[in-house]
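Okay, target-v4.cif is below, mmCIF, C-alpha atoms and all ligand atoms:
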data_start
#
loop_
_atom_site.label_atom_id
_atom_site.label_comp_id
_atom_site.auth_asym_id
_atom_site.auth_seq_id
_atom_site.Cartn_x
_atom_site.Cartn_y
_atom_site.Cartn_z
CA MET A 1 60.98 217.65 7.95
CA THR A 2 58.55 218.39 10.76
CA ILE A 3 54.82 218.19 10.21
CA ALA A 4 52.91 221.15 11.65
CA VAL A 5 49.32 220.13 10.93
CA GLU A 6 47.94 216.97 9.45
CA ALA A 7 44.60 215.40 8.55
CA ARG A 8 44.49 211.62 8.23
CA GLU A 9 41.61 210.13 6.28
CA VAL A 10 39.23 212.70 7.59
CA VAL A 11 35.52 212.14 6.94
CA PHE A 12 32.98 214.90 7.48
CA SER A 13 29.32 215.29 6.53
CA PHE A 14 26.89 218.14 6.95
CA GLY A 15 23.81 216.08 7.79
CA THR A 16 23.52 213.79 4.81
CA THR A 17 25.82 215.86 2.58
CA PRO A 18 29.28 214.34 2.53
CA ALA A 19 31.91 217.10 2.43
CA LEU A 20 35.11 215.16 3.09
CA ARG A 21 35.71 211.50 2.23
CA GLU A 22 38.93 210.31 3.78
CA ALA A 23 40.84 213.47 3.02
CA SER A 24 44.50 213.36 4.00
CA ILE A 25 47.01 216.17 4.01
CA ALA A 26 50.21 217.01 5.87
CA VAL A 27 51.60 220.53 6.09
CA GLU A 28 55.23 221.02 7.03
CA GLN A 29 56.42 223.45 9.64
CA GLY A 30 57.02 226.81 7.94
CA GLU A 31 55.44 225.69 4.71
CA ILE A 32 52.98 227.82 2.74
CA LEU A 33 50.45 225.44 1.25
CA ALA A 34 47.68 226.32 -1.18
CA ILE A 35 44.50 224.25 -1.22
CA MET A 36 42.75 224.55 -4.58
CA GLY A 37 39.82 222.82 -6.19
CA PRO A 38 36.32 223.38 -7.56
CA SER A 39 33.58 225.11 -5.63
CA GLY A 40 31.88 222.76 -3.17
CA SER A 41 34.74 220.25 -3.26
CA GLY A 42 35.40 220.53 0.49
CA LYS A 43 38.27 223.02 0.77
CA SER A 44 36.76 225.15 3.53
CA THR A 45 35.56 222.10 5.40
CA LEU A 46 39.07 220.66 5.30
CA LEU A 47 40.51 223.94 6.54
CA HIS A 48 38.00 224.02 9.40
CA CYS A 49 38.83 220.44 10.39
CA LEU A 50 42.58 221.18 10.34
CA ALA A 51 42.03 224.27 12.47
CA GLY A 52 39.96 222.44 15.07
CA ILE A 53 36.81 224.41 14.25
CA LEU A 54 34.96 221.34 12.99
CA VAL A 55 35.41 217.88 14.48
CA PRO A 56 35.55 215.12 11.86
CA ASP A 57 33.14 212.18 11.90
CA ALA A 58 36.08 209.85 11.36
CA GLY A 59 39.82 210.12 10.84
CA GLU A 60 42.40 212.07 12.79
CA VAL A 61 43.68 215.63 12.98
CA TRP A 62 47.11 216.37 14.39
CA PHE A 63 48.89 219.54 15.39
CA ASP A 64 52.46 219.53 16.58
CA GLY A 65 52.36 215.86 17.57
CA GLU A 66 49.00 216.13 19.38
CA ARG A 67 45.60 214.73 18.42
CA VAL A 68 43.27 217.67 17.90
CA ASP A 69 40.02 215.87 17.05
CA THR A 70 39.89 214.00 20.37
CA MET A 71 40.71 217.03 22.50
CA ARG A 72 38.02 218.53 24.68
CA GLU A 73 36.45 221.61 23.14
CA ALA A 74 37.91 223.90 25.81
CA ARG A 75 41.43 222.82 24.94
CA ARG A 76 40.78 223.10 21.24
CA SER A 77 39.56 226.61 21.78
CA VAL A 78 42.80 227.49 23.60
CA LEU A 79 44.74 225.99 20.72
CA ARG A 80 42.83 228.08 18.20
CA ARG A 81 43.37 231.21 20.22
CA GLU A 82 47.02 230.74 21.11
CA ARG A 83 48.53 228.81 18.24
CA PHE A 84 46.41 229.58 15.21
CA GLY A 85 45.60 232.72 13.27
CA PHE A 86 42.68 233.14 10.88
CA VAL A 87 41.85 235.25 7.84
CA PHE A 88 38.62 234.79 5.95
CA GLN A 89 37.05 236.30 2.91
CA PHE A 90 34.67 238.83 4.46
CA GLY A 91 33.03 240.27 7.49
CA GLN A 92 35.53 239.45 10.13
CA LEU A 93 36.25 242.79 11.72
CA VAL A 94 34.27 243.78 14.77
CA PRO A 95 32.42 246.95 13.74
CA GLU A 96 32.14 248.34 17.29
CA LEU A 97 35.91 248.36 17.75
CA THR A 98 38.46 250.69 16.19
CA VAL A 99 40.72 249.20 13.58
CA VAL A 100 43.70 249.06 15.92
CA GLU A 101 41.58 247.33 18.57
CA ASN A 102 40.55 244.80 15.96
CA VAL A 103 44.18 244.01 15.24
CA ALA A 104 44.96 243.83 18.95
CA LEU A 105 42.10 241.45 19.66
CA PRO A 106 44.05 238.16 19.60
CA LEU A 107 46.63 239.67 21.96
CA LEU A 108 43.94 240.91 24.36
CA LEU A 109 42.31 237.48 24.32
CA ALA A 110 45.70 235.92 25.09
CA GLY A 111 45.93 238.14 28.18
CA VAL A 112 48.42 240.74 26.93
CA ARG A 113 47.97 244.06 28.74
CA ARG A 114 45.86 246.56 26.82
CA ALA A 115 48.51 249.24 26.33
CA GLU A 116 51.05 246.67 25.20
CA ALA A 117 48.55 244.98 22.87
CA LEU A 118 47.60 248.28 21.24
CA ARG A 119 51.26 249.22 20.86
CA ARG A 120 52.07 245.96 19.12
CA ALA A 121 48.96 246.19 16.95
CA SER A 122 49.87 249.75 15.99
CA GLY A 123 53.26 248.57 14.79
CA TRP A 124 51.56 246.82 11.88
CA PHE A 125 49.98 249.85 10.31
CA ALA A 126 53.00 251.25 8.48
CA ARG A 127 53.73 247.86 6.96
CA LEU A 128 50.09 247.58 5.90
CA GLY A 129 50.19 250.95 4.20
CA LEU A 130 47.45 252.06 6.63
CA GLU A 131 49.38 254.56 8.72
CA GLY A 132 47.02 257.00 10.45
CA MET A 133 43.91 254.81 10.17
CA GLN A 134 44.27 253.16 13.59
CA GLN A 135 41.31 254.96 15.11
CA ARG A 136 38.83 254.38 12.31
CA ARG A 137 35.99 251.87 12.54
CA SER A 138 36.04 248.95 10.14
CA GLY A 139 33.08 250.42 8.25
CA GLU A 140 35.31 253.34 7.28
CA LEU A 141 37.78 251.17 5.37
CA SER A 142 37.75 249.98 1.77
CA GLY A 143 37.52 246.23 1.16
CA GLY A 144 41.23 245.94 0.50
CA GLN A 145 42.13 247.96 3.59
CA ALA A 146 39.82 245.87 5.77
CA GLN A 147 41.41 242.73 4.36
CA ARG A 148 44.90 243.93 5.26
CA VAL A 149 43.66 244.72 8.76
CA ALA A 150 42.21 241.22 9.02
CA LEU A 151 45.54 239.79 7.92
CA ALA A 152 47.37 241.79 10.58
CA ARG A 153 44.91 240.48 13.15
CA GLY A 154 45.60 236.95 11.96
CA LEU A 155 49.34 237.40 12.33
CA VAL A 156 49.73 239.79 15.28
CA ALA A 157 50.02 237.09 17.94
CA GLU A 158 52.67 235.28 15.87
CA PRO A 159 50.63 232.11 15.45
CA ARG A 160 52.29 228.83 14.55
CA VAL A 161 49.75 228.29 11.78
CA LEU A 162 47.80 230.85 9.79
CA PHE A 163 44.59 229.53 8.22
CA ALA A 164 43.38 231.68 5.35
CA ASP A 165 40.20 230.98 3.39
CA GLU A 166 40.02 232.98 0.14
CA PRO A 167 41.80 235.93 1.77
CA THR A 168 41.90 237.83 -1.53
CA GLY A 169 38.52 236.69 -2.81
CA ALA A 170 36.85 240.08 -2.73
CA LEU A 171 39.82 242.11 -3.92
CA ASP A 172 41.03 243.30 -7.31
CA SER A 173 44.23 241.69 -8.50
CA LEU A 174 46.70 244.37 -7.44
CA THR A 175 45.18 244.73 -3.98
CA GLY A 176 45.14 240.96 -3.70
CA GLU A 177 48.83 240.95 -4.47
CA GLN A 178 49.55 243.44 -1.71
CA VAL A 179 47.74 241.17 0.73
CA MET A 180 49.63 238.12 -0.50
CA ASP A 181 53.01 239.88 -0.46
CA LEU A 182 52.38 240.89 3.10
CA MET A 183 51.15 237.45 4.12
CA VAL A 184 54.00 235.55 2.52
CA GLY A 185 56.64 238.06 3.60
CA THR A 186 55.52 238.00 7.22
CA ALA A 187 55.01 234.24 7.33
CA ARG A 188 58.54 233.66 6.00
CA GLU A 189 59.96 236.12 8.52
CA GLN A 190 58.14 234.59 11.47
CA GLY A 191 58.42 230.99 10.27
CA THR A 192 54.62 230.74 10.29
CA THR A 193 53.01 227.77 8.56
CA VAL A 194 50.24 228.92 6.21
CA VAL A 195 47.28 226.91 4.96
CA LEU A 196 45.70 228.96 2.21
CA VAL A 197 42.45 228.08 0.46
CA THR A 198 42.11 229.78 -2.90
CA HIS A 199 40.64 229.14 -6.31
CA GLU A 200 42.89 231.75 -7.90
CA PRO A 201 46.04 230.36 -9.49
CA ARG A 202 47.88 233.66 -9.13
CA VAL A 203 47.26 233.57 -5.39
CA ALA A 204 48.26 229.91 -5.16
CA ALA A 205 51.50 230.80 -6.93
CA TYR A 206 52.64 232.54 -3.73
CA ALA A 207 52.61 229.19 -1.93
CA ASP A 208 55.44 226.68 -1.80
CA ARG A 209 53.17 223.93 -3.06
CA GLU A 210 49.55 223.26 -3.88
CA VAL A 211 47.11 220.40 -3.44
CA ILE A 212 43.80 219.94 -5.19
CA VAL A 213 40.62 218.94 -3.37
CA ARG A 214 38.08 217.17 -5.52
CA ASP A 215 34.88 215.51 -4.29
CA GLY A 216 36.01 215.65 -0.69
CA GLN A 217 39.40 214.09 -1.30
CA VAL A 218 42.87 215.54 -1.56
CA ILE A 219 44.43 214.63 -4.86
CA ALA A 220 47.99 213.72 -4.01
CA HIS A 221 50.32 215.62 -6.24
CA ASP A 222 52.96 217.79 -4.88
CA ARG A 223 56.52 216.67 -5.08
CA ILE A 224 56.01 213.67 -7.32
CA ALA A 225 56.69 215.44 -10.56
CA SER A 226 58.75 218.38 -9.37
CA MET B 1 57.42 231.11 -21.52
CA VAL B 2 57.12 231.26 -25.28
CA VAL B 3 58.30 234.68 -26.30
CA ARG B 4 58.40 235.71 -29.88
CA MET B 5 60.54 238.74 -30.08
CA SER B 6 61.65 240.51 -33.17
CA VAL B 7 65.30 241.32 -32.53
CA PRO B 8 65.82 243.42 -35.69
CA LEU B 9 62.78 245.61 -35.04
CA THR B 10 63.65 245.99 -31.38
CA LEU B 11 67.19 247.11 -32.19
CA LEU B 12 65.81 249.42 -34.80
CA GLY B 13 63.41 250.83 -32.24
CA LEU B 14 66.24 251.41 -29.77
CA LEU B 15 68.17 253.21 -32.52
CA ASP B 16 65.17 255.44 -33.11
CA ARG B 17 65.98 257.03 -29.73
CA GLU B 18 69.47 258.15 -30.78
CA PRO B 19 72.43 256.95 -32.85
CA SER B 20 74.25 254.27 -30.87
CA HIS B 21 77.16 251.86 -30.80
CA GLY B 22 76.47 248.15 -31.02
CA TYR B 23 77.54 247.76 -27.41
CA ASP B 24 75.00 250.32 -26.15
CA LEU B 25 72.24 248.63 -28.11
CA LYS B 26 73.10 245.26 -26.64
CA ARG B 27 73.13 246.70 -23.14
CA ALA B 28 69.75 248.40 -23.57
CA TYR B 29 68.30 245.25 -25.09
CA ASP B 30 69.57 243.06 -22.25
CA THR B 31 68.31 245.50 -19.63
CA TYR B 32 64.75 245.89 -20.88
CA PHE B 33 64.02 242.92 -23.09
CA GLY B 34 66.58 240.19 -22.42
CA ARG B 35 65.23 238.87 -19.11
CA GLY B 36 68.00 236.47 -18.27
CA LYS B 37 68.76 235.71 -21.90
CA GLN B 38 71.43 238.04 -23.19
CA LEU B 39 71.68 238.95 -26.82
CA PRO B 40 75.05 237.69 -28.11
CA PHE B 41 77.35 240.34 -29.59
CA GLY B 42 77.57 238.30 -32.77
CA GLN B 43 73.83 238.53 -33.25
CA VAL B 44 73.82 242.26 -32.57
CA TYR B 45 76.43 242.93 -35.25
CA SER B 46 75.03 240.51 -37.82
CA THR B 47 71.57 242.01 -37.35
CA LEU B 48 72.94 245.52 -37.68
CA SER B 49 74.78 244.69 -40.90
CA ARG B 50 71.62 243.18 -42.37
CA LEU B 51 69.71 246.30 -41.40
CA ALA B 52 72.45 248.39 -43.06
CA ARG B 53 72.31 246.24 -46.19
CA ASP B 54 68.53 246.78 -46.35
CA GLY B 55 68.94 250.51 -45.98
CA LYS B 56 67.33 250.75 -42.56
CA VAL B 57 70.42 251.99 -40.75
CA MET B 58 73.56 253.81 -41.80
CA ILE B 59 76.98 253.27 -40.34
CA SER B 60 79.12 256.22 -39.43
CA GLU B 61 82.69 255.45 -38.43
CA VAL B 62 83.37 257.77 -35.57
CA GLY B 63 85.07 257.66 -32.24
CA PRO B 64 88.41 256.31 -31.10
CA GLY B 65 89.47 252.67 -30.77
CA VAL B 66 89.42 249.81 -33.20
CA GLY B 67 86.96 247.17 -34.39
CA PRO B 68 83.19 247.22 -34.46
CA ASP B 69 82.88 249.51 -31.44
CA ARG B 70 84.11 252.42 -33.51
CA LYS B 71 80.99 252.20 -35.59
CA GLN B 72 77.95 254.20 -34.73
CA TYR B 73 74.61 253.23 -36.19
CA VAL B 74 72.03 255.77 -37.33
CA ILE B 75 68.47 254.91 -38.28
CA THR B 76 67.27 255.91 -41.78
CA ASP B 77 63.81 257.16 -42.76
CA VAL B 78 62.99 253.70 -44.09
CA GLY B 79 63.99 252.18 -40.77
CA ALA B 80 62.01 254.75 -38.80
CA THR B 81 58.93 254.00 -40.90
CA ASP B 82 59.33 250.29 -40.10
CA VAL B 83 59.46 251.01 -36.38
CA ASP B 84 56.45 253.26 -36.65
CA GLN B 85 54.39 250.60 -38.39
CA TRP B 86 55.49 247.85 -36.05
CA LEU B 87 54.54 249.81 -32.95
CA THR B 88 51.06 250.61 -34.18
CA GLN B 89 50.10 247.21 -35.56
CA PRO B 90 48.43 244.70 -33.25
CA VAL B 91 50.16 241.41 -32.63
CA GLU B 92 48.34 238.42 -34.10
CA PRO B 93 46.24 236.99 -31.25
CA GLU B 94 47.39 233.39 -31.25
CA PRO B 95 46.01 230.99 -28.69
CA HIS B 96 48.30 228.25 -29.97
CA LEU B 97 49.12 226.64 -26.63
CA GLN B 98 45.44 226.00 -25.94
CA SER B 99 45.08 224.01 -29.10
CA VAL B 100 47.99 221.77 -28.13
CA LEU B 101 46.36 221.22 -24.77
CA PHE B 102 43.05 220.50 -26.44
CA THR B 103 44.61 218.02 -28.88
CA LYS B 104 46.23 216.12 -26.03
CA VAL B 105 43.02 215.96 -24.04
CA ALA B 106 40.88 214.89 -26.98
CA LEU B 107 43.39 212.24 -28.10
CA ALA B 108 43.74 210.92 -24.56
CA LEU B 109 39.96 210.48 -24.42
CA MET B 110 39.85 208.84 -27.87
CA LEU B 111 42.57 206.41 -26.82
CA ASP B 112 40.92 205.81 -23.45
CA ARG B 113 43.91 207.15 -21.56
CA PRO B 114 43.70 209.08 -18.30
CA ALA B 115 42.96 212.57 -19.55
CA GLU B 116 42.25 213.77 -16.01
CA GLU B 117 45.74 212.79 -14.92
CA TYR B 118 47.20 214.61 -17.88
CA LEU B 119 45.28 217.75 -16.89
CA ASP B 120 46.53 217.41 -13.32
CA THR B 121 50.10 217.13 -14.58
CA GLN B 122 49.62 220.14 -16.82
CA ARG B 123 48.11 222.15 -13.98
CA ARG B 124 51.10 221.29 -11.81
CA ALA B 125 53.55 222.36 -14.53
CA HIS B 126 51.68 225.63 -15.03
CA LEU B 127 51.56 226.35 -11.31
CA ARG B 128 55.25 225.60 -10.95
CA ARG B 129 56.05 228.15 -13.64
CA MET B 130 53.68 230.62 -12.00
CA ARG B 131 55.54 230.17 -8.72
CA GLU B 132 58.84 230.93 -10.45
CA LEU B 133 57.38 234.05 -12.02
CA THR B 134 55.88 235.13 -8.70
CA GLU B 135 59.30 234.73 -7.09
CA ILE B 136 60.82 236.88 -9.85
CA LYS B 137 58.20 239.51 -9.10
CA ARG B 138 58.89 239.45 -5.38
CA ALA B 139 62.61 239.89 -5.91
CA GLY B 140 62.65 242.17 -8.93
CA GLY B 141 62.03 245.71 -10.06
CA LEU B 142 59.09 247.11 -11.98
CA VAL B 143 60.30 245.82 -15.37
CA ASP B 144 60.53 242.28 -13.98
CA VAL B 145 57.13 242.65 -12.34
CA MET B 146 55.47 243.71 -15.56
CA LEU B 147 57.04 241.01 -17.69
CA ALA B 148 56.35 238.33 -15.11
CA ASP B 149 52.75 239.54 -14.85
CA HIS B 150 52.31 239.12 -18.57
CA GLY B 151 53.38 235.51 -18.25
CA LEU B 152 51.26 234.99 -15.14
CA TYR B 153 48.05 236.25 -16.73
CA HIS B 154 48.58 234.02 -19.75
CA LEU B 155 49.25 230.97 -17.61
CA GLU B 156 46.21 231.80 -15.54
CA ALA B 157 44.08 231.84 -18.67
CA ASP B 158 45.36 228.37 -19.56
CA LEU B 159 44.59 227.19 -16.05
CA ARG B 160 41.02 228.42 -16.29
CA TRP B 161 40.68 226.45 -19.47
CA ILE B 162 42.18 223.42 -17.73
CA GLU B 163 39.62 223.71 -14.89
CA ALA B 164 36.73 224.11 -17.31
CA THR B 165 37.93 221.17 -19.38
CA SER B 166 38.46 219.05 -16.31
CA ALA B 167 34.82 219.65 -15.38
CA ARG B 168 33.67 218.75 -18.91
CA LEU B 169 35.71 215.62 -19.53
CA ASP B 170 32.79 213.24 -19.36
CA ALA B 171 30.83 215.29 -21.85
CA LEU B 172 33.83 215.59 -24.14
CA ARG B 173 34.47 211.84 -23.95
CA LYS B 174 31.00 211.24 -25.37
CA VAL B 175 31.71 213.62 -28.23
CA VAL B 176 35.06 212.17 -29.29
CA ARG B 177 34.15 208.49 -28.64
CA PRO B 178 30.62 208.22 -29.93
N1 LIG A 301 27.01 224.66 6.77
C1 LIG A 301 26.74 223.74 5.84
N2 LIG A 301 25.61 223.03 5.83
C2 LIG A 301 25.35 222.10 4.92
N3 LIG A 301 26.19 221.78 3.92
C3 LIG A 301 27.35 222.45 3.84
C4 LIG A 301 27.70 223.48 4.79
N4 LIG A 301 28.91 223.96 4.46
C5 LIG A 301 29.30 223.30 3.36
N5 LIG A 301 28.38 222.38 2.99
C6 LIG A 301 28.49 221.44 1.85
O1 LIG A 301 29.68 220.70 1.99
C7 LIG A 301 30.36 220.56 0.75
C8 LIG A 301 31.74 221.16 0.84
O2 LIG A 301 31.63 222.53 1.10
P1 LIG A 301 32.86 223.50 1.33
O3 LIG A 301 32.36 224.77 1.86
O4 LIG A 301 33.92 222.80 2.10
O5 LIG A 301 33.36 223.68 -0.20
P2 LIG A 301 34.50 224.62 -0.79
O6 LIG A 301 35.43 223.74 -1.55
O7 LIG A 301 35.08 225.47 0.27
O8 LIG A 301 33.69 225.50 -1.84
P3 LIG A 301 33.84 227.05 -2.25
O9 LIG A 301 35.02 227.10 -3.20
O10 LIG A 301 32.58 227.34 -2.97
O11 LIG A 301 34.05 227.85 -1.02
C9 LIG A 301 29.45 221.23 -0.28
O12 LIG A 301 28.68 220.23 -0.87
C10 LIG A 301 28.60 222.16 0.54
O13 LIG A 301 27.34 222.33 -0.06
MG MG A 302 35.02 227.56 0.68
#

Transcribe the structure of this file into structure tokens.
Ligand SMILES: Nc1ncnc2c1ncn2[C@@H]1O[C@H](COP(=O)(O)OP(=O)(O)OP(=O)(O)O)[C@@H](O)[C@H]1O
Ligand SMILES: [Mg+2]
Amino acid sequence: MTIAVEAREVVFSFGTTPALREASIAVEQGEILAIMGPSGSGKSTLLHCLAGILVPDAGEVWFDGERVDTMREARRSVLRRERFGFVFQFGQLVPELTVVENVALPLLLAGVRRAEALRRASGWFARLGLEGMQQRRSGELSGGQAQRVALARGLVAEPRVLFADEPTGALDSLTGEQVMDLMVGTAREQGTTVVLVTHEPRVAAYADREVIVRDGQVIAHDRIAS
Amino acid sequence: MVVRMSVPLTLLGLLDREPSHGYDLKRAYDTYFGRGKQLPFGQVYSTLSRLARDGKVMISEVGPGVGPDRKQYVITDVGATDVDQWLTQPVEPEPHLQSVLFTKVALALMLDRPAEEYLDTQRRAHLRRMRELTEIKRAGGLVDVMLADHGLYHLEADLRWIEATSARLDALRKVVRP
């Protein structure tokens, strides 16, 4: 088995508020992992540390055999742009851009030519059930539609790892399922590793395995009893 | 998944559509209600003869061939009334699984055993089953989706209880170990 991303005894505090206390987790290449746990337990903070958005106070973060936490910010930013995809709960689409431009954004940032980027972005719309909506602004979409667009944006550049924080949080259960079906289906097809934060068991059930974060620590579970 | 299914009433209900052979009833049952667990022929025929004995179906010997497959079963008025009643009555709401979970948690606390670990193990078992059901949904047709959903929503309810209980263990410990 190959580890895609890993946190080793990561410690992180917001000022004096401890968020992670020696949290450790290893996600295999191609694995879909759900991170669950009570509100405020440190799930999002762990996700941000794994994705190189936050730098831990102590401990190590690894991606593909490389230390992420000791990298210079410029390199980490390249990593985030070129190797990682992101989907969050709300407010991620750029309102000034059309929907198709939103999806194309990661490709444009990676230097893909505009026409090519828009063509590839457009290819997602049928699969999203959003055919014909390419030219709308994000404000003209329903919550579930916007979430599917955000997912397409997270996956369009075929990232090695997709980080998703409550991607179905604002959706009703059937719309949430559409988003999850699409996410899991595409990730399996592309061999994308997925780190998925959710408090919903039915969403976590799409993952290959789950871990629980409690009080800033990852409760080791997984294969032991399976 | 704990499924309590009334085979006699279901067969009776299927017969309420049209008179059928035992084989057709078994096939319809397996298609819509079996879900990986086929109804044995023996059970189909023994159930049908009990229903006949109780006056809920009649047997008409028609058709070619030999053996039980020659028999066609026809629902009687008594049988149809049974189906009618069954379909309109609510099922007893029975949260029995929760009480087993609760008993285990409370006893673990009384005996000073790791109740939290038990809840973690239970959560894992529930999530594993939910994963299986989700896989069935992803691979299956609408009937599979709807049946799997029923199981998923129930397991989810248990999991919510598990989370709530997990957050209240300290308080519960004080109650059961004064
Ligand atoms: N920007 C911030 N500034 C200060 N404290 C923060 C900040 N973000 C998070 N925290 C604190 O860090 C801890 C962990 O927060 P985190 O957002 O990781 O939790 P979470 O598990 O994702 O919760 P939720 O399920 O509610 O999203 C909490 O105590 C929280 O109050
Ligand atoms: Mg969070």

Give me the box for ligand LIG 301 (chain A) as JSON, namely the centre and edge lengths in Å to one decimal of a box along x, y and z that holds every listed atom plus 5 Å on each side.
{"center_x": 30.4, "center_y": 224.0, "center_z": 1.8, "size_x": 20.1, "size_y": 17.6, "size_z": 20.0}

Chain B contacts to chain A at 9 Å (only C-alpha atoms) as an mmCIF file with C-alpha atoms, in the coordinates of the input:
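What landed in selection32.cif:
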data_model
loop_
_atom_site.group_PDB
_atom_site.id
_atom_site.type_symbol
_atom_site.label_atom_id
_atom_site.label_comp_id
_atom_site.auth_asym_id
_atom_site.auth_seq_id
_atom_site.Cartn_x
_atom_site.Cartn_y
_atom_site.Cartn_z
ATOM 1 C CA ASP B 120 46.530 217.410 -13.320
ATOM 2 C CA THR B 121 50.100 217.130 -14.580
ATOM 3 C CA ARG B 124 51.100 221.290 -11.810
ATOM 4 C CA ALA B 125 53.550 222.360 -14.530
ATOM 5 C CA LEU B 127 51.560 226.350 -11.310
ATOM 6 C CA ARG B 128 55.250 225.600 -10.950
ATOM 7 C CA ARG B 129 56.050 228.150 -13.640
ATOM 8 C CA MET B 130 53.680 230.620 -12.000
ATOM 9 C CA ARG B 131 55.540 230.170 -8.720
ATOM 10 C CA GLU B 132 58.840 230.930 -10.450
ATOM 11 C CA LEU B 133 57.380 234.050 -12.020
ATOM 12 C CA THR B 134 55.880 235.130 -8.700
ATOM 13 C CA GLU B 135 59.300 234.730 -7.090
ATOM 14 C CA ARG B 138 58.890 239.450 -5.380
ATOM 15 C CA LEU B 152 51.260 234.990 -15.140
ATOM 16 C CA TYR B 153 48.050 236.250 -16.730
ATOM 17 C CA LEU B 155 49.250 230.970 -17.610
ATOM 18 C CA GLU B 156 46.210 231.800 -15.540
ATOM 19 C CA LEU B 159 44.590 227.190 -16.050
ATOM 20 C CA ARG B 160 41.020 228.420 -16.290
ATOM 21 C CA GLU B 163 39.620 223.710 -14.890
ATOM 22 C CA ALA B 167 34.820 219.650 -15.380
#

Quick one: pull the distance between CA of Ser46 (chain B) and CA of Gly151 (chain B), Å, one decimal.
29.6 Å

Would you mind listing, for every residue of chain A within 9 Å of ligand MG 302 (chain A), the two atoms forming the shortest contact and the distance between them in Å to one decimal, using only C-alpha atoms and all ligand atoms, sorted by chain and ascending residue number, as a Markdown table?
| residue | atom | partner | partner_atom | distance |
| --- | --- | --- | --- | --- |
| A:Ser39 | CA | A:MG302 | MG | 6.9 |
| A:Gly40 | CA | A:MG302 | MG | 6.9 |
| A:Ser41 | CA | A:MG302 | MG | 8.3 |
| A:Gly42 | CA | A:MG302 | MG | 7.0 |
| A:Lys43 | CA | A:MG302 | MG | 5.6 |
| A:Ser44 | CA | A:MG302 | MG | 4.1 |
| A:Thr45 | CA | A:MG302 | MG | 7.2 |
| A:Leu47 | CA | A:MG302 | MG | 8.8 |
| A:Asp165 | CA | A:MG302 | MG | 6.8 |
| A:Glu166 | CA | A:MG302 | MG | 7.4 |
| A:Val197 | CA | A:MG302 | MG | 7.5 |
| A:Thr198 | CA | A:MG302 | MG | 8.2 |

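Between ligand LIG 301 (chain A) and the candidates A:Ser142, A:Gln89, A:Thr2, A:Ser24, the tightest atom-to-atom separation, counting only C-alpha atoms and all ligand atoms, involves A:Gln89.
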
Spatial neighbours of region 80-87 of chain A, max dist 6 Å, only C-alpha atoms, sep filter under 4 positions, as a VMD selection string:
chain A and resid 151 154 159 to 164

Compile the contact shell of Val149 (chain A) as a VMD selection string: residues with an atom at most 10 Å away, counting only C-alpha atoms, same-chain residues fewer than 5 positions apart removed.
chain A and resid 87 92 to 93 99 to 100 102 to 103 121 124 to 125 128 130 134 138 141 143 to 144 154 to 155 179

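Put simply, CA of Gly52 (chain A) is 8.8 Å away from CA of Glu73 (chain A).
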
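Around Val57 (chain B), within 8 Å and counting only C-alpha atoms, the residues found are Leu12, Leu48, Leu51, Tyr73, Val74, Ile75, Thr76 and Gly79 of chain B, once anything fewer than 6 positions away on its own chain is removed.
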
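Put simply, CA of Ser6 (chain B) is 19.4 Å away from CA of His21 (chain B).
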
Shell around Glu66 (chain A) at 12 Å using only C-alpha atoms, local window under 5 positions removed, as a ChimeraX atom specification:
/A:3-7,52,60-61,71,75-76,79

Proximity to Ile32 (chain A) - best of A:Thr186, A:Ser173, A:Thr168, A:Gln147, all atoms listed in the file:
A:Thr186

For Glu117 (chain B), please output as a short mmCIF file (atom, residue, chain, number, x, y, z; two decimals) with C-alpha atoms, keeping the file's coordinate frame all residues within 12 Å (counting only C-alpha atoms; exclusion window: fewer than 5 positions along the same chain).
data_model
loop_
_atom_site.label_atom_id
_atom_site.label_comp_id
_atom_site.auth_asym_id
_atom_site.auth_seq_id
_atom_site.Cartn_x
_atom_site.Cartn_y
_atom_site.Cartn_z
CA ILE A 219 44.43 214.63 -4.86
CA ALA A 220 47.99 213.72 -4.01
CA HIS A 221 50.32 215.62 -6.24
CA LYS B 104 46.23 216.12 -26.03
CA VAL B 105 43.02 215.96 -24.04
CA ALA B 108 43.74 210.92 -24.56
CA LEU B 109 39.96 210.48 -24.42
CA GLN B 122 49.62 220.14 -16.82
CA ARG B 123 48.11 222.15 -13.98
CA ARG B 124 51.10 221.29 -11.81
CA ILE B 162 42.18 223.42 -17.73
CA SER B 166 38.46 219.05 -16.31
CA LEU B 169 35.71 215.62 -19.53
#

Where atoms are lacking, region 118-122 of chain B completed to N, CA and C atoms, as a compact mmCIF listing (two decimals), in the coordinates of the input:
# COMPACT_ATOMS: atom_id res chain seq x y z
N TYR B 118 46.42 213.69 -17.05
CA TYR B 118 47.20 214.61 -17.88
C TYR B 118 46.91 216.06 -17.47
N LEU B 119 45.63 216.38 -17.28
CA LEU B 119 45.28 217.75 -16.89
C LEU B 119 45.89 218.12 -15.54
N ASP B 120 45.90 217.16 -14.62
CA ASP B 120 46.53 217.41 -13.32
C ASP B 120 48.02 217.70 -13.49
N THR B 121 48.67 216.92 -14.34
CA THR B 121 50.10 217.13 -14.58
C THR B 121 50.34 218.50 -15.21
N GLN B 122 49.47 218.85 -16.16
CA GLN B 122 49.62 220.14 -16.82
C GLN B 122 49.40 221.29 -15.84
